[in-house]
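K.L.:
input-v9.pdb is reproduced in full below (PDB, C-alpha atoms).
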```pdb
MODEL        1
ATOM      1  CA  MET A1123     -56.020 -28.199 -40.173  1.00  0.00           C
ATOM      2  CA  THR A1124     -53.175 -27.666 -42.633  1.00  0.00           C
ATOM      3  CA  ILE A1125     -52.605 -24.194 -41.227  1.00  0.00           C
ATOM      4  CA  ARG A1126     -52.259 -25.738 -37.781  1.00  0.00           C
ATOM      5  CA  ILE A1127     -49.764 -28.266 -39.102  1.00  0.00           C
ATOM      6  CA  ALA A1128     -47.821 -25.518 -40.886  1.00  0.00           C
ATOM      7  CA  VAL A1129     -47.712 -23.364 -37.733  1.00  0.00           C
ATOM      8  CA  PHE A1130     -46.691 -26.419 -35.673  1.00  0.00           C
ATOM      9  CA  ALA A1131     -43.944 -27.253 -38.170  1.00  0.00           C
ATOM     10  CA  CYS A1132     -42.649 -23.644 -38.070  1.00  0.00           C
ATOM     11  CA  CYS A1133     -42.611 -23.734 -34.271  1.00  0.00           C
ATOM     12  CA  LEU A1134     -40.660 -26.978 -34.307  1.00  0.00           C
ATOM     13  CA  ALA A1135     -38.178 -25.552 -36.795  1.00  0.00           C
ATOM     14  CA  VAL A1136     -37.647 -22.349 -34.793  1.00  0.00           C
ATOM     15  CA  GLY A1137     -37.533 -24.220 -31.484  1.00  0.00           C
ATOM     16  CA  GLY A1138     -35.115 -26.796 -32.851  1.00  0.00           C
ATOM     17  CA  THR A1139     -32.853 -24.042 -34.107  1.00  0.00           C
ATOM     18  CA  ALA A1140     -32.915 -22.346 -30.718  1.00  0.00           C
ATOM     19  CA  ILE A1141     -32.086 -25.619 -29.003  1.00  0.00           C
ATOM     20  CA  ALA A1142     -29.272 -26.276 -31.487  1.00  0.00           C
ATOM     21  CA  TRP A1143     -27.745 -22.836 -30.760  1.00  0.00           C
ATOM     22  CA  SER A1144     -27.550 -23.563 -27.052  1.00  0.00           C
ATOM     23  CA  SER A1145     -26.684 -27.236 -27.275  1.00  0.00           C
ATOM     24  CA  PRO A1146     -23.969 -28.569 -24.976  1.00  0.00           C
ATOM     25  CA  GLN A1147     -21.899 -29.635 -28.000  1.00  0.00           C
ATOM     26  CA  ASP A1148     -21.067 -26.007 -28.738  1.00  0.00           C
ATOM     27  CA  PRO A1149     -17.676 -24.957 -27.390  1.00  0.00           C
ATOM     28  CA  PRO A1150     -17.885 -22.725 -24.319  1.00  0.00           C
ATOM     29  CA  PRO A1151     -17.376 -19.049 -24.916  1.00  0.00           C
ATOM     30  CA  SER A1152     -13.758 -18.005 -24.680  1.00  0.00           C
ATOM     31  CA  PRO A1153     -12.779 -16.351 -21.393  1.00  0.00           C
ATOM     32  CA  PRO A1154     -12.367 -12.607 -21.465  1.00  0.00           C
ATOM     33  CA  SER A1155      -8.882 -11.551 -22.384  1.00  0.00           C
ATOM     34  CA  ALA A1156      -6.637 -10.471 -19.524  1.00  0.00           C
ATOM     35  CA  PRO A1157      -6.090  -6.721 -19.277  1.00  0.00           C
ATOM     36  CA  ALA A1158      -2.789  -5.480 -20.544  1.00  0.00           C
ATOM     37  CA  SER A1159      -0.251  -5.202 -17.764  1.00  0.00           C
ATOM     38  CA  ALA A1160       0.904  -1.753 -16.739  1.00  0.00           C
ATOM     39  CA  PRO A1161       4.344  -0.740 -17.957  1.00  0.00           C
ATOM     40  CA  ALA A1162       7.166  -1.086 -15.430  1.00  0.00           C
ATOM     41  CA  THR A1163       7.761   2.652 -15.512  1.00  0.00           C
ATOM     42  CA  VAL A1164       5.548   5.441 -16.657  1.00  0.00           C
ATOM     43  CA  PRO A1165       6.989   7.105 -19.746  1.00  0.00           C
ATOM     44  CA  GLY A1166       8.474  10.475 -18.871  1.00  0.00           C
ATOM     45  CA  THR A1167       8.949   9.603 -15.178  1.00  0.00           C
ATOM     46  CA  PRO A1168      12.527  10.188 -14.086  1.00  0.00           C
ATOM     47  CA  GLU A1169      14.552   7.323 -12.657  1.00  0.00           C
ATOM     48  CA  PRO A1170      14.639   7.201  -8.832  1.00  0.00           C
ATOM     49  CA  HIS A1171      17.470   9.127  -7.195  1.00  0.00           C
ATOM     50  CA  PRO A1172      20.095   6.845  -5.582  1.00  0.00           C
ATOM     51  CA  PHE A1173      19.168   8.392  -2.202  1.00  0.00           C
ATOM     52  CA  GLU A1174      15.587   7.047  -2.354  1.00  0.00           C
ATOM     53  CA  GLY A1175      14.971   3.990  -0.165  1.00  0.00           C
ATOM     54  CA  PHE A1176      14.409   2.732   3.358  1.00  0.00           C
ATOM     55  CA  TYR A1177      17.369   2.693   5.737  1.00  0.00           C
ATOM     56  CA  GLU A1178      18.309   1.539   9.228  1.00  0.00           C
ATOM     57  CA  LEU A1179      20.743   3.486  11.407  1.00  0.00           C
ATOM     58  CA  LYS A1180      24.001   1.553  11.771  1.00  0.00           C
ATOM     59  CA  LYS A1181      26.518   4.091  13.039  1.00  0.00           C
ATOM     60  CA  ARG A1182      26.663   7.490  14.655  1.00  0.00           C
ATOM     61  CA  LEU A1183      29.877   9.464  14.907  1.00  0.00           C
ATOM     62  CA  ILE A1184      29.926  12.328  17.436  1.00  0.00           C
ATOM     63  CA  ASN A1185      32.915  14.728  17.376  1.00  0.00           C
ATOM     64  CA  GLY A1186      34.999  12.097  15.592  1.00  0.00           C
ATOM     65  CA  VAL A1187      34.183   9.323  18.101  1.00  0.00           C
ATOM     66  CA  ASP A1188      31.837   6.370  17.617  1.00  0.00           C
ATOM     67  CA  GLU A1189      28.758   6.602  19.801  1.00  0.00           C
ATOM     68  CA  LEU A1190      29.275   4.574  22.998  1.00  0.00           C
ATOM     69  CA  LYS A1191      25.650   3.484  23.413  1.00  0.00           C
ATOM     70  CA  PRO A1192      24.286   2.793  19.936  1.00  0.00           C
ATOM     71  CA  SER A1193      21.169   4.639  18.832  1.00  0.00           C
ATOM     72  CA  ARG A1194      18.353   3.019  16.890  1.00  0.00           C
ATOM     73  CA  GLY A1195      16.694   4.700  13.982  1.00  0.00           C
ATOM     74  CA  TYR A1196      15.192   4.586  10.534  1.00  0.00           C
ATOM     75  CA  LEU A1197      15.189   6.863   7.516  1.00  0.00           C
ATOM     76  CA  ALA A1198      12.626   6.636   4.704  1.00  0.00           C
ATOM     77  CA  VAL A1199      13.321   8.627   1.540  1.00  0.00           C
ATOM     78  CA  THR A1200      10.828   9.078  -1.291  1.00  0.00           C
ATOM     79  CA  ARG A1201      11.133  11.173  -4.430  1.00  0.00           C
ATOM     80  CA  ARG A1202      10.506  14.420  -2.508  1.00  0.00           C
ATOM     81  CA  HIS A1203      10.254  13.628   1.205  1.00  0.00           C
ATOM     82  CA  MET A1204      12.310  12.035   3.928  1.00  0.00           C
ATOM     83  CA  MET A1205      11.158  10.823   7.331  1.00  0.00           C
ATOM     84  CA  LEU A1206      13.569  10.261  10.196  1.00  0.00           C
ATOM     85  CA  CYS A1207      12.980   8.555  13.536  1.00  0.00           C
ATOM     86  CA  VAL A1208      15.945   8.092  15.920  1.00  0.00           C
ATOM     87  CA  ALA A1209      16.203   7.136  19.586  1.00  0.00           C
ATOM     88  CA  GLY A1210      19.418   7.069  21.578  1.00  0.00           C
ATOM     89  CA  ALA A1211      20.628   6.844  25.132  1.00  0.00           C
ATOM     90  CA  GLY A1212      21.045  10.155  26.891  1.00  0.00           C
ATOM     91  CA  PRO A1213      23.082  11.038  29.990  1.00  0.00           C
ATOM     92  CA  ASP A1214      20.080  10.072  32.153  1.00  0.00           C
ATOM     93  CA  PRO A1215      19.089   6.410  31.556  1.00  0.00           C
ATOM     94  CA  ASP A1216      15.429   7.332  32.148  1.00  0.00           C
ATOM     95  CA  LEU A1217      15.454  10.067  29.469  1.00  0.00           C
ATOM     96  CA  PRO A1218      16.388   8.818  25.997  1.00  0.00           C
ATOM     97  CA  LEU A1219      17.273  11.333  23.313  1.00  0.00           C
ATOM     98  CA  LEU A1220      14.616  11.291  20.595  1.00  0.00           C
ATOM     99  CA  ARG A1221      14.362  12.927  17.174  1.00  0.00           C
ATOM    100  CA  ALA A1222      11.675  12.600  14.526  1.00  0.00           C
ATOM    101  CA  GLY A1223      10.742  14.638  11.518  1.00  0.00           C
ATOM    102  CA  VAL A1224       9.517  14.978   7.973  1.00  0.00           C
ATOM    103  CA  ARG A1225      11.370  17.125   5.453  1.00  0.00           C
ATOM    104  CA  THR A1226      11.350  17.795   1.764  1.00  0.00           C
ATOM    105  CA  TRP A1227      14.723  17.303   0.126  1.00  0.00           C
ATOM    106  CA  ARG A1228      16.659  17.872  -3.061  1.00  0.00           C
ATOM    107  CA  PRO A1229      20.315  17.494  -3.924  1.00  0.00           C
ATOM    108  CA  GLU A1230      22.365  20.610  -4.615  1.00  0.00           C
ATOM    109  CA  GLN A1231      25.763  19.529  -5.937  1.00  0.00           C
ATOM    110  CA  ASP A1232      27.408  17.673  -3.022  1.00  0.00           C
ATOM    111  CA  LEU A1233      24.878  18.994  -0.465  1.00  0.00           C
ATOM    112  CA  LEU A1234      21.417  17.921   0.562  1.00  0.00           C
ATOM    113  CA  ARG A1235      18.954  20.812   0.851  1.00  0.00           C
ATOM    114  CA  THR A1236      16.087  20.051   3.211  1.00  0.00           C
ATOM    115  CA  GLU A1237      13.097  21.991   4.439  1.00  0.00           C
ATOM    116  CA  ILE A1238      11.336  21.069   7.660  1.00  0.00           C
ATOM    117  CA  ARG A1239       7.665  20.103   7.371  1.00  0.00           C
ATOM    118  CA  LEU A1240       7.349  18.703  10.894  1.00  0.00           C
ATOM    119  CA  GLY A1241      10.080  17.953  13.375  1.00  0.00           C
ATOM    120  CA  TRP A1242      10.939  17.682  17.042  1.00  0.00           C
ATOM    121  CA  PHE A1243      13.716  16.456  19.322  1.00  0.00           C
ATOM    122  CA  THR A1244      14.387  16.087  23.031  1.00  0.00           C
ATOM    123  CA  ASP A1245      17.358  17.355  24.976  1.00  0.00           C
ATOM    124  CA  GLU A1246      19.275  15.851  27.939  1.00  0.00           C
ATOM    125  CA  LYS A1247      16.567  17.066  30.357  1.00  0.00           C
ATOM    126  CA  GLY A1248      13.737  15.493  28.348  1.00  0.00           C
ATOM    127  CA  THR A1249      12.430  18.832  27.107  1.00  0.00           C
ATOM    128  CA  ILE A1250      10.737  18.599  23.716  1.00  0.00           C
ATOM    129  CA  HIS A1251      11.840  21.140  21.100  1.00  0.00           C
ATOM    130  CA  VAL A1252       9.589  21.620  18.057  1.00  0.00           C
ATOM    131  CA  GLU A1253      11.389  22.627  14.881  1.00  0.00           C
ATOM    132  CA  THR A1254      10.008  25.562  12.883  1.00  0.00           C
ATOM    133  CA  PRO A1255       8.237  24.394   9.698  1.00  0.00           C
ATOM    134  CA  GLY A1256       9.757  25.903   6.567  1.00  0.00           C
ATOM    135  CA  THR A1257      13.277  26.116   8.023  1.00  0.00           C
ATOM    136  CA  ALA A1258      15.818  25.233   5.320  1.00  0.00           C
ATOM    137  CA  GLU A1259      19.118  23.453   5.921  1.00  0.00           C
ATOM    138  CA  LYS A1260      21.979  22.286   3.765  1.00  0.00           C
ATOM    139  CA  ARG A1261      24.017  19.270   4.825  1.00  0.00           C
ATOM    140  CA  ARG A1262      26.785  17.264   3.286  1.00  0.00           C
ATOM    141  CA  PHE A1263      25.825  13.697   2.432  1.00  0.00           C
ATOM    142  CA  LEU A1264      27.504  10.670   0.950  1.00  0.00           C
ATOM    143  CA  ILE A1265      25.804   7.847  -0.909  1.00  0.00           C
ATOM    144  CA  GLY A1266      27.738   4.581  -1.098  1.00  0.00           C
ATOM    145  CA  ARG A1267      26.931   1.002  -2.038  1.00  0.00           C
ATOM    146  CA  GLY A1268      24.012   0.181   0.234  1.00  0.00           C
ATOM    147  CA  PHE A1269      24.463   3.081   2.652  1.00  0.00           C
ATOM    148  CA  VAL A1270      23.954   6.798   3.060  1.00  0.00           C
ATOM    149  CA  ARG A1271      25.820   9.087   5.435  1.00  0.00           C
ATOM    150  CA  ILE A1272      24.307  12.403   6.526  1.00  0.00           C
ATOM    151  CA  TYR A1273      26.774  14.795   8.143  1.00  0.00           C
ATOM    152  CA  GLN A1274      25.746  16.977  11.055  1.00  0.00           C
ATOM    153  CA  ASP A1275      29.100  18.785  10.861  1.00  0.00           C
ATOM    154  CA  ASP A1276      32.650  17.904   9.747  1.00  0.00           C
ATOM    155  CA  ARG A1277      33.179  15.492  12.690  1.00  0.00           C
ATOM    156  CA  SER A1278      29.676  14.089  13.261  1.00  0.00           C
ATOM    157  CA  TYR A1279      27.347  12.048  11.095  1.00  0.00           C
ATOM    158  CA  LEU A1280      24.602   9.445  10.988  1.00  0.00           C
ATOM    159  CA  GLU A1281      25.225   6.425   8.759  1.00  0.00           C
ATOM    160  CA  PHE A1282      22.295   4.357   7.528  1.00  0.00           C
ATOM    161  CA  GLU A1283      22.272   0.988   5.755  1.00  0.00           C
ATOM    162  CA  ARG A1284      19.721   0.443   2.986  1.00  0.00           C
ATOM    163  CA  ILE A1285      17.266  -2.308   3.907  1.00  0.00           C
ATOM    164  CA  GLU A1286      14.769  -1.743   1.044  1.00  0.00           C
TER     165      GLU A1286
ENDMDL
END
```
Please render this file's structure as structure tokens.

P.N.:
Amino acid sequence: MTIRIAVFACCLAVGGTAIAWSSPQDPPPSPPSAPASAPATVPGTPEPHPFEGFYELKKRLINGVDELKPSRGYLAVTRRHMMLCVAGAGPDPDLPLLRAGVRTWRPEQDLLRTEIRLGWFTDEKGTIHVETPGTAEKRRFLIGRGFVRIYQDDRSYLEFERIE
């Protein structure tokens, strides 16, 4: 009988200890720590070029004259690529002039060197012309406060306003 009492007493002691460890008076476990936030810039990554951004077409100059019927368009520029989408009125009201394309780009002194990845445009008759991938071009460009101007020649350009 004493062995039974001893075993019973041990069980009570162990059980009481287990209950004490999980008692509601114990403070709740601390929440997991929040992960460290990522740095704002990755070390070694160059600063963005001033040309990078998202732009809306605001002005088009053709042979030194402002476009009579304003075109609409957007230009998106990332670290290596630019995407252009422009639509404007053509001589025939039923056939707008359209241009869209993706190019790689890099500055070369005061010029912008681009290479066509995909591109097409329409002419006055509505014919679609596909640009040859890999074709390189150099154009003059100007970056100002909140705008970029891309020259087509000395008397014609597209001017975009930064919206992002």

K.L.:
Can you work out the spacing between CA of Glu1246 in chain A and CA of Phe1176 in chain A in Å, to one decimal?

P.N.:
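That distance, rounded to one decimal, is 28.3 Å.
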
K.L.:
Would you mind telling me which residue in A:Arg1221, A:Arg1262, A:Lys1181, A:Arg1228 lies nearest to Arg1201 in chain A when using all atoms listed in the file?

P.N.:
A:Arg1228

K.L.:
Name the closest residue to Arg1284 in chain A among the candidates A:Ile1184, A:Val1164, A:Val1252, A:Val1199; distances are taken between atoms, counting only C-alpha atoms.

P.N.:
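So, comparing all the options, the nearest one is A:Val1199.
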
K.L.:
For the atom pair CA of Leu1190 in chain A and CA of Ile1238 in chain A, what is the interatomic distance in Å to one decimal place?

P.N.:
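Going from CA of Leu1190 in chain A over to CA of Ile1238 in chain A, I get 28.8 Å.
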
K.L.:
Record the distance separating CA of Lys1247 in chain A and CA of Ala1211 in chain A, expressed in Å with one decimal.

P.N.:
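Separation of CA of Lys1247 in chain A and CA of Ala1211 in chain A: 12.2 Å.
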
K.L.:
Out of A:Tyr1279, A:Gly1212, A:Thr1200, A:Thr1167, which residue has the shortest atom-to-atom distance to Leu1264 in chain A when counting only C-alpha atoms?

P.N.:
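Among A:Tyr1279, A:Gly1212, A:Thr1200, A:Thr1167, it is A:Tyr1279 that comes nearest to Leu1264 in chain A.
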
K.L.:
Restricting the calculation to all atoms listed in the file, which member of A:Arg1271, A:Leu1219, A:Pro1192, A:Ile1285 is positioned closest to Thr1249 in chain A?

P.N.:
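Residue with the minimum atom-to-atom distance to Thr1249 in chain A: A:Leu1219.
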
K.L.:
Would you kindly return, as a PyMOL selection string, each protein, DNA or RNA residue with an atom no farther than 10 Å from any atom of Gly1256 in chain A, considering all atoms listed in the file and excluding same-chain residues fewer than 6 positions away?

P.N.:
chain A and resi 1225-1226+1236-1240

K.L.:
Counting only C-alpha atoms, which residue out of A:Ile1272, A:Ala1258, A:Leu1179, A:Val1224 sits closest to Tyr1196 in chain A?

P.N.:
A:Leu1179

K.L.:
Pick out the closest residue to Tyr1273 in chain A from this set: A:Leu1233, A:Gly1175, A:Gly1241, A:Pro1215. Count all atoms listed in the file.

P.N.:
A:Leu1233

K.L.:
Write out as a PyMOL selection string which residues come within 7 Å of Trp1227 in chain A when counting all atoms listed in the file, dropping same-chain ones fewer than 6 positions away.

P.N.:
chain A and resi 1202-1204+1234-1237

K.L.:
I would like the residues chosen by the PyMOL selection byres ((chain A and resi 1280) around 12) on the shown file; could you give them as a PyMOL selection string?

P.N.:
chain A and resi 1177-1189+1192-1197+1206-1208+1261-1264+1269-1279+1281-1283
